[in-house]
Amino acid sequence: MAALAVGAGACSAPGGTDGAGADGKAGGSVVIGVASEPDTLSPLLGYGKDGNSKIFDGLLARDTDLRLKPALAKALPEIGDGGRTYTYRLREGVEFSDGEPLTADDVVYTYETILDPATNTTARSELDAVESVRADGDHTVVFRLKYPYAPFAARTVLPVVPEHVAGRQDPNTGSFNTKPVGTGPYTLVDWRKGERLTFAANPHYWGGAPAVKSLTMAIVADDNVRATRLRSGDLDGAVLPPDLAATFADDRGRRTYEAKTYDFRAVTLPTAGPVTGDRAIRRALDAAVDRRAMVDRILDGAGLPAYGPLPADDPWYTEDIERDQDLGAARRLLDRAGWKEGGDGVRAKDGRRAAFTLYYPSGDKVRQDHALAYASDARRAGIEVKAEGATWEVIEPRMGRDAVLAGFGSVGDPDFGLYTLLHSSLAGDGFNNMARYDVPAVDKALDAGRRGQDPGTRRTAYDTVQRALVDDPGYTFLTHIDHLYVLADRWDGPSTQLEPHEHGFASGPWWNVEEWRPRV
């Protein structure tokens, strides 16, 4: 969840083009409107860790259907010792954008730096299984794991950085964070914070020269402004909420793309909060919310009710945890816990009103609408929720005690999203475990799911987690949202993948922009 910047509202195209390209033909240049920008462009601090970075490559990548495929490695890994060693053999002749060759030492440096406790990255827990990584010559890398970790290969989509550049700097503060060098199809030309990032095709790219020579990501936090700039031709494409995407339905020059996702919206309910710390409050809110109405009215049907962090069509989903709105149950829970209704309809206990603030990022209309609907449902149970928009700079210091309308979701394996969302060891670690959720049985199940090799054992573990979240919720799960994009229909090649929470910048129909070809 990158901090949202205030979007520029200028009417001229970022980078000084109109989307037709420097060569005057459609396709040479692409300008995309997105809601947020990364805090850093360094993989050492988490950028691009799930793949699809345009600046970097991982050992592996994912295809349209999320199947793993070779990238910097010339083949999928050789797995040995009962799943405790992974050997990767690198492509030869790959160069970084500065012309220096990629070697196994760059891979070792990347992983060892992320695993170093002195590096300020929240991605370290995702590599917990790694015991060591070593180079065996210039083109072979061997990982040794502490324990067999079933989805490890999917973790190696992590981008690789050049030791000869990044290794000379402090990974936390060095200029590499904003002036990266990678092996990917594009290089960063210019980054104007809060306004745009401009990329140019990498002449040294091992995968072949992209036909799209210039790519600009315009940072436009406000959904309505983004739609307006797209309609005016200032943008070639944009990520949009359902109601605004629908306004382009009859536009023959543009195409709408819908991506299925693991992205969910939820309200964090910090256990340290004076009101949200009460389990009865959290359970009552879970019962009071009308998830189906949110899907219908806020998402225009482009999504699913969220009964937990995994969507109902996921193979790891626990199928009998669905629950409809039940205001009677919510009121009974509060009655039994001693929360008595006051004259203004708001309950109180021991002199404390059942009231708290719910923050959402300003300019995000979908989250605002979720927050307002949530507050309305809560009020019917006797809980006052004040929905308040703010920047992430305002929200972040308050996350430990105040509720936040947050977005999460990872693709690939249940461990990828659930561990960082719920494990107590990560409570308060940036955007990890924002609710400070701490349930020993859940920690035990998450550890079992992470270390288990038998699919049945892992299923039992994740069933335990999902049921525990119903009985003792640290979040109110609201909806799983489909991602909608509108793009000028001038290229062959755009497509969508099953997407994580992070979208717009790395995901979207432009995830494979280096493969696009302009229509003649």
# chains A, B, ... in the order shown; residues from 1 in each chain; ligands from 1
$ residues_around --residues "segment 165-177 of chain A" --least-positions-apart "6" --cutoff "8 Å" --atoms "only C-alpha atoms" --output "list of chain:residue names"
A:Thr40, A:Leu41, A:Ser42, A:Leu44, A:Leu45, A:Tyr109, A:Thr113, A:Thr119, A:Asn120
$ residues_around --residues "segment 304-306 of chain A" --least-positions-apart "4" --cutoff "7 Å" --atoms "only C-alpha atoms" --output "PDB file with C-alpha atoms, in the first residue's frame"
ATOM      1  CA  ARG A 291     -21.364  -7.341   2.176  1.00  0.00           C
ATOM      2  CA  ARG A 292     -23.680  -8.235  -0.685  1.00  0.00           C
ATOM      3  CA  VAL A 295     -20.815  -5.531  -4.031  1.00  0.00           C
ATOM      4  CA  PRO A 311     -12.024 -15.176  -2.204  1.00  0.00           C
ATOM      5  CA  PHE A 477     -13.723  -8.280   5.652  1.00  0.00           C
ATOM      6  CA  LEU A 478     -16.000  -6.487   3.210  1.00  0.00           C
ATOM      7  CA  THR A 479     -15.504  -7.216  -0.491  1.00  0.00           C
ATOM      8  CA  HIS A 480     -13.157  -8.770  -3.011  1.00  0.00           C
ATOM      9  CA  ILE A 481     -12.970  -6.314  -5.870  1.00  0.00           C
TER      10      ILE A 481
END
$ residues_around --residues "Tyr437 of chain A" --least-positions-apart "4" --cutoff "8 Å" --atoms "only C-alpha atoms" --output "MDAnalysis selection string"
chainID A and resid 270:271 422:424 427 433 474
$ closest_atom_pairs --of "segment 16-77 of chain A" --to "segment 501-515 of chain A" --cutoff "7 Å" --atoms "only C-alpha atoms" --output "tab-separated table"
residue	atom	partner	partner_atom	distance
A:Val34	CA	A:Gly504	CA	5.4
A:Asn52	CA	A:Ala506	CA	5.6
A:Ser53	CA	A:Ala506	CA	6.2
$ residues_around --residues "Arg331 of chain A" --least-positions-apart "4" --cutoff "8 Å" --atoms "only C-alpha atoms" --output "list in words"
Ala284, Leu327, Asp335, Ala381 and Gly382 of chain A
$ write_last_selection --atoms "C-alpha atoms" --output "PDB file, in the first residue's frame"
ATOM      1  CA  ALA A 284     -20.857  -7.402  16.241  1.00  0.00           C
ATOM      2  CA  LEU A 327     -28.313  -7.121  12.938  1.00  0.00           C
ATOM      3  CA  ASP A 335     -26.030  -6.740  24.966  1.00  0.00           C
ATOM      4  CA  ALA A 381     -26.173  -2.004  15.651  1.00  0.00           C
ATOM      5  CA  GLY A 382     -25.484   0.934  17.980  1.00  0.00           C
TER       6      GLY A 382
END
$ residues_around --residues "Glu92 of chain A" --least-positions-apart "6" --cutoff "12 Å" --atoms "only C-alpha atoms" --output "list of chain:residue names"
A:Ala71, A:Leu72, A:Ala73, A:Lys74, A:Pro101, A:Leu102, A:Thr103, A:Ala104, A:Asp138, A:His139, A:Thr140, A:Trp206
$ write_last_selection --atoms "all heavy atoms" --output "short mmCIF file (atom, residue, chain, number, x, y, z; two decimals), in the first residue's frame"
data_model
loop_
_atom_site.label_atom_id
_atom_site.label_comp_id
_atom_site.auth_asym_id
_atom_site.auth_seq_id
_atom_site.Cartn_x
_atom_site.Cartn_y
_atom_site.Cartn_z
N ALA A 71 13.09 -16.51 -16.35
CA ALA A 71 13.37 -15.13 -16.71
C ALA A 71 14.90 -14.98 -16.74
O ALA A 71 15.52 -15.35 -17.72
CB ALA A 71 12.72 -14.16 -15.73
N LEU A 72 15.52 -14.49 -15.66
CA LEU A 72 16.98 -14.45 -15.62
C LEU A 72 17.57 -15.85 -15.54
O LEU A 72 18.69 -16.08 -15.97
CB LEU A 72 17.46 -13.59 -14.46
CG LEU A 72 17.10 -12.10 -14.54
CD1 LEU A 72 17.62 -11.36 -13.32
CD2 LEU A 72 17.63 -11.47 -15.83
N ALA A 73 16.83 -16.77 -14.95
CA ALA A 73 17.22 -18.18 -15.01
C ALA A 73 16.79 -18.72 -16.36
O ALA A 73 15.77 -18.32 -16.91
CB ALA A 73 16.55 -18.96 -13.89
N LYS A 74 17.59 -19.63 -16.92
CA LYS A 74 17.24 -20.16 -18.25
C LYS A 74 16.31 -21.36 -18.18
O LYS A 74 15.86 -21.86 -19.21
CB LYS A 74 18.51 -20.52 -19.02
CG LYS A 74 19.43 -21.52 -18.39
CD LYS A 74 20.70 -21.66 -19.23
CE LYS A 74 21.68 -22.64 -18.63
NZ LYS A 74 22.92 -22.73 -19.45
N PRO A 101 27.57 -6.93 -17.00
CA PRO A 101 26.94 -8.25 -17.07
C PRO A 101 26.30 -8.69 -15.76
O PRO A 101 26.78 -8.35 -14.68
CB PRO A 101 28.11 -9.18 -17.44
CG PRO A 101 29.32 -8.49 -16.87
CD PRO A 101 29.05 -7.02 -17.05
N LEU A 102 25.21 -9.43 -15.88
CA LEU A 102 24.59 -10.08 -14.73
C LEU A 102 25.40 -11.32 -14.36
O LEU A 102 25.77 -12.11 -15.24
CB LEU A 102 23.17 -10.50 -15.09
CG LEU A 102 22.48 -11.47 -14.10
CD1 LEU A 102 21.99 -10.71 -12.88
CD2 LEU A 102 21.34 -12.20 -14.79
N THR A 103 25.66 -11.51 -13.06
CA THR A 103 26.32 -12.72 -12.59
C THR A 103 25.58 -13.27 -11.38
O THR A 103 24.72 -12.61 -10.81
CB THR A 103 27.80 -12.47 -12.20
OG1 THR A 103 27.83 -11.70 -10.98
CG2 THR A 103 28.54 -11.72 -13.29
N ALA A 104 25.97 -14.47 -10.98
CA ALA A 104 25.36 -15.10 -9.81
C ALA A 104 25.60 -14.27 -8.55
O ALA A 104 24.79 -14.30 -7.62
CB ALA A 104 25.91 -16.50 -9.63
N ASP A 138 29.92 -18.22 -12.14
CA ASP A 138 29.27 -16.97 -12.55
C ASP A 138 27.80 -17.14 -12.89
O ASP A 138 27.05 -16.16 -12.89
CB ASP A 138 29.99 -16.38 -13.76
CG ASP A 138 31.33 -15.74 -13.41
OD1 ASP A 138 31.55 -15.48 -12.21
OD2 ASP A 138 32.14 -15.53 -14.32
N HIS A 139 27.35 -18.36 -13.18
CA HIS A 139 26.01 -18.52 -13.73
C HIS A 139 25.16 -19.55 -13.02
O HIS A 139 24.16 -20.01 -13.57
CB HIS A 139 26.11 -18.86 -15.23
CG HIS A 139 26.74 -17.77 -16.04
ND1 HIS A 139 28.06 -17.78 -16.40
CD2 HIS A 139 26.21 -16.62 -16.52
CE1 HIS A 139 28.33 -16.68 -17.09
NE2 HIS A 139 27.23 -15.96 -17.17
N THR A 140 25.52 -19.90 -11.79
CA THR A 140 24.71 -20.86 -11.02
C THR A 140 24.52 -20.32 -9.60
O THR A 140 25.46 -19.86 -8.97
CB THR A 140 25.38 -22.24 -10.96
OG1 THR A 140 25.56 -22.72 -12.30
CG2 THR A 140 24.52 -23.23 -10.19
N TRP A 206 17.55 -8.15 -22.64
CA TRP A 206 17.83 -9.49 -23.15
C TRP A 206 16.63 -10.10 -23.87
O TRP A 206 16.78 -11.01 -24.69
CB TRP A 206 18.26 -10.41 -22.01
CG TRP A 206 17.25 -10.51 -20.90
CD1 TRP A 206 17.17 -9.72 -19.79
CD2 TRP A 206 16.15 -11.44 -20.80
NE1 TRP A 206 16.10 -10.09 -19.00
CE2 TRP A 206 15.45 -11.15 -19.60
CE3 TRP A 206 15.70 -12.49 -21.61
CZ2 TRP A 206 14.33 -11.87 -19.20
CZ3 TRP A 206 14.58 -13.20 -21.20
CH2 TRP A 206 13.91 -12.90 -20.01
#
$ closest_atom_pairs --of "segment 171-290 of chain A" --to "segment 392-400 of chain A" --cutoff "12 Å" --atoms "only C-alpha atoms" --output "tab-separated table"
residue	atom	partner	partner_atom	distance
A:Ala221	CA	A:Trp392	CA	11.8
A:Val267	CA	A:Met399	CA	11.1
A:Thr268	CA	A:Met399	CA	8.4
A:Leu269	CA	A:Gly400	CA	9.1
A:Pro270	CA	A:Gly400	CA	6.1
A:Thr271	CA	A:Gly400	CA	8.4
A:Ala272	CA	A:Gly400	CA	7.0
A:Gly273	CA	A:Gly400	CA	7.7
A:Pro274	CA	A:Gly400	CA	11.3
A:Thr276	CA	A:Gly400	CA	11.0
A:Gly277	CA	A:Gly400	CA	11.1
$ closest_residue --among "A:Asp492, A:Asp50, A:Asp251, A:Asp81" --to "Val212 of chain A" --atoms "only C-alpha atoms"
A:Asp492
$ select_by_dssp --residues "segment 87-331 of chain A" --states "alpha helix (DSSP H)" --output "JSON, numbers by chain"
{"A": [104, 105, 106, 107, 108, 109, 110, 111, 112, 113, 114, 115, 152, 153, 154, 155, 163, 164, 165, 166, 223, 224, 225, 226, 227, 228, 229, 230, 231, 232, 242, 243, 244, 245, 279, 280, 281, 282, 283, 284, 285, 286, 287, 288, 291, 292, 293, 294, 295, 296, 297, 327, 328, 329, 330, 331]}
$ atom_distance --atom1 "atom CA of Ser425 of chain A" --atom2 "atom CA of Thr122 of chain A"
11.9 Å
$ select_by_dssp --residues "segment 69-156 of chain A" --states "strand (DSSP E or B)" --output "ChimeraX atom specification"
/A:69-70,73,78-80,85-90,95,101,130-135,140-145
$ residues_around --residues "Phe431 of chain A" --least-positions-apart "3" --cutoff "10 Å" --atoms "only C-alpha atoms" --output "list in words"
Met1, Ala2, Thr122, Glu396, Met399, Ala406, Phe408, Thr420, Leu421, Leu426, Ala427, Gly428, Met434 and Ala435 of chain A
$ write_last_selection --atoms "N, CA and C atoms" --output "tab-separated table (two decimals), in the first residue's frame"
chain	number	residue	atom	x	y	z
A	1	MET	N	0.85	-1.18	0.00
A	1	MET	CA	0.00	0.00	0.00
A	1	MET	C	0.89	1.24	0.00
A	2	ALA	N	1.13	1.75	-1.15
A	2	ALA	CA	1.98	2.92	-1.24
A	2	ALA	C	1.20	4.16	-0.85
A	122	THR	N	9.99	-4.80	4.63
A	122	THR	CA	8.95	-5.66	5.20
A	122	THR	C	8.86	-6.98	4.45
A	396	GLU	N	-0.80	6.72	8.61
A	396	GLU	CA	0.19	5.75	9.07
A	396	GLU	C	0.51	5.84	10.57
A	399	MET	N	-2.24	4.00	12.71
A	399	MET	CA	-2.72	2.66	12.39
A	399	MET	C	-2.75	1.71	13.59
A	406	ALA	N	-8.62	-0.59	4.60
A	406	ALA	CA	-7.38	-1.01	3.97
A	406	ALA	C	-7.63	-1.97	2.81
A	408	PHE	N	-5.72	-5.35	0.79
A	408	PHE	CA	-4.67	-6.36	0.84
A	408	PHE	C	-4.99	-7.43	-0.21
A	420	THR	N	1.60	-12.46	6.42
A	420	THR	CA	1.89	-11.05	6.70
A	420	THR	C	0.68	-10.31	7.24
A	421	LEU	N	-0.50	-10.78	6.92
A	421	LEU	CA	-1.73	-10.13	7.39
A	421	LEU	C	-2.01	-10.41	8.86
A	426	LEU	N	4.59	-10.09	13.19
A	426	LEU	CA	4.65	-8.96	12.27
A	426	LEU	C	3.70	-7.83	12.67
A	427	ALA	N	3.15	-7.91	13.86
A	427	ALA	CA	2.22	-6.88	14.31
A	427	ALA	C	2.89	-5.51	14.31
A	428	GLY	N	2.29	-4.57	13.59
A	428	GLY	CA	2.83	-3.22	13.56
A	428	GLY	C	4.06	-3.05	12.70
A	434	MET	N	-1.70	-4.95	10.30
A	434	MET	CA	-2.09	-3.62	10.75
A	434	MET	C	-3.01	-3.65	11.97
A	435	ALA	N	-3.74	-4.75	12.13
A	435	ALA	CA	-4.68	-4.85	13.25
A	435	ALA	C	-4.00	-5.30	14.54
$ atom_distance --atom1 "atom CA of Arg254 of chain A" --atom2 "atom CA of Ala302 of chain A"
19.2 Å
$ residues_around --residues "Ala355 of chain A" --least-positions-apart "3" --cutoff "7 Å" --atoms "only C-alpha atoms" --output "ChimeraX atom specification"
/A:275,383-385
$ write_last_selection --atoms "all heavy atoms" --output "PDB file, in the first residue's frame"
ATOM      1  N   VAL A 275     -12.039   0.827  21.898  1.00  0.00           N
ATOM      2  CA  VAL A 275     -13.322   0.228  21.525  1.00  0.00           C
ATOM      3  C   VAL A 275     -13.100  -1.021  20.681  1.00  0.00           C
ATOM      4  O   VAL A 275     -13.654  -2.086  20.968  1.00  0.00           O
ATOM      5  CB  VAL A 275     -14.201   1.246  20.770  1.00  0.00           C
ATOM      6  CG1 VAL A 275     -15.482   0.584  20.268  1.00  0.00           C
ATOM      7  CG2 VAL A 275     -14.549   2.427  21.680  1.00  0.00           C
ATOM      8  N   ILE A 383     -23.251   1.197  17.042  1.00  0.00           N
ATOM      9  CA  ILE A 383     -21.828   1.571  17.068  1.00  0.00           C
ATOM     10  C   ILE A 383     -21.644   2.758  16.135  1.00  0.00           C
ATOM     11  O   ILE A 383     -22.050   2.722  14.972  1.00  0.00           O
ATOM     12  CB  ILE A 383     -20.943   0.398  16.619  1.00  0.00           C
ATOM     13  CG1 ILE A 383     -21.149  -0.810  17.539  1.00  0.00           C
ATOM     14  CG2 ILE A 383     -19.477   0.804  16.612  1.00  0.00           C
ATOM     15  CD1 ILE A 383     -20.456  -2.077  17.057  1.00  0.00           C
ATOM     16  N   GLU A 384     -21.027   3.801  16.648  1.00  0.00           N
ATOM     17  CA  GLU A 384     -20.802   5.005  15.854  1.00  0.00           C
ATOM     18  C   GLU A 384     -19.407   4.952  15.230  1.00  0.00           C
ATOM     19  O   GLU A 384     -18.400   4.917  15.935  1.00  0.00           O
ATOM     20  CB  GLU A 384     -20.930   6.258  16.724  1.00  0.00           C
ATOM     21  CG  GLU A 384     -20.765   7.550  15.938  1.00  0.00           C
ATOM     22  CD  GLU A 384     -20.916   8.773  16.834  1.00  0.00           C
ATOM     23  OE1 GLU A 384     -20.195   8.866  17.853  1.00  0.00           O
ATOM     24  OE2 GLU A 384     -21.750   9.634  16.509  1.00  0.00           O
ATOM     25  N   VAL A 385     -19.366   4.949  13.917  1.00  0.00           N
ATOM     26  CA  VAL A 385     -18.102   4.956  13.181  1.00  0.00           C
ATOM     27  C   VAL A 385     -18.036   6.248  12.384  1.00  0.00           C
ATOM     28  O   VAL A 385     -18.906   6.524  11.550  1.00  0.00           O
ATOM     29  CB  VAL A 385     -17.991   3.743  12.235  1.00  0.00           C
ATOM     30  CG1 VAL A 385     -16.703   3.810  11.420  1.00  0.00           C
ATOM     31  CG2 VAL A 385     -18.048   2.438  13.030  1.00  0.00           C
TER      32      VAL A 385
END
$ closest_residue --among "A:Ala35, A:Leu334, A:Ala461, A:Ala445" --to "Val220 of chain A" --atoms "only C-alpha atoms"
A:Ala35
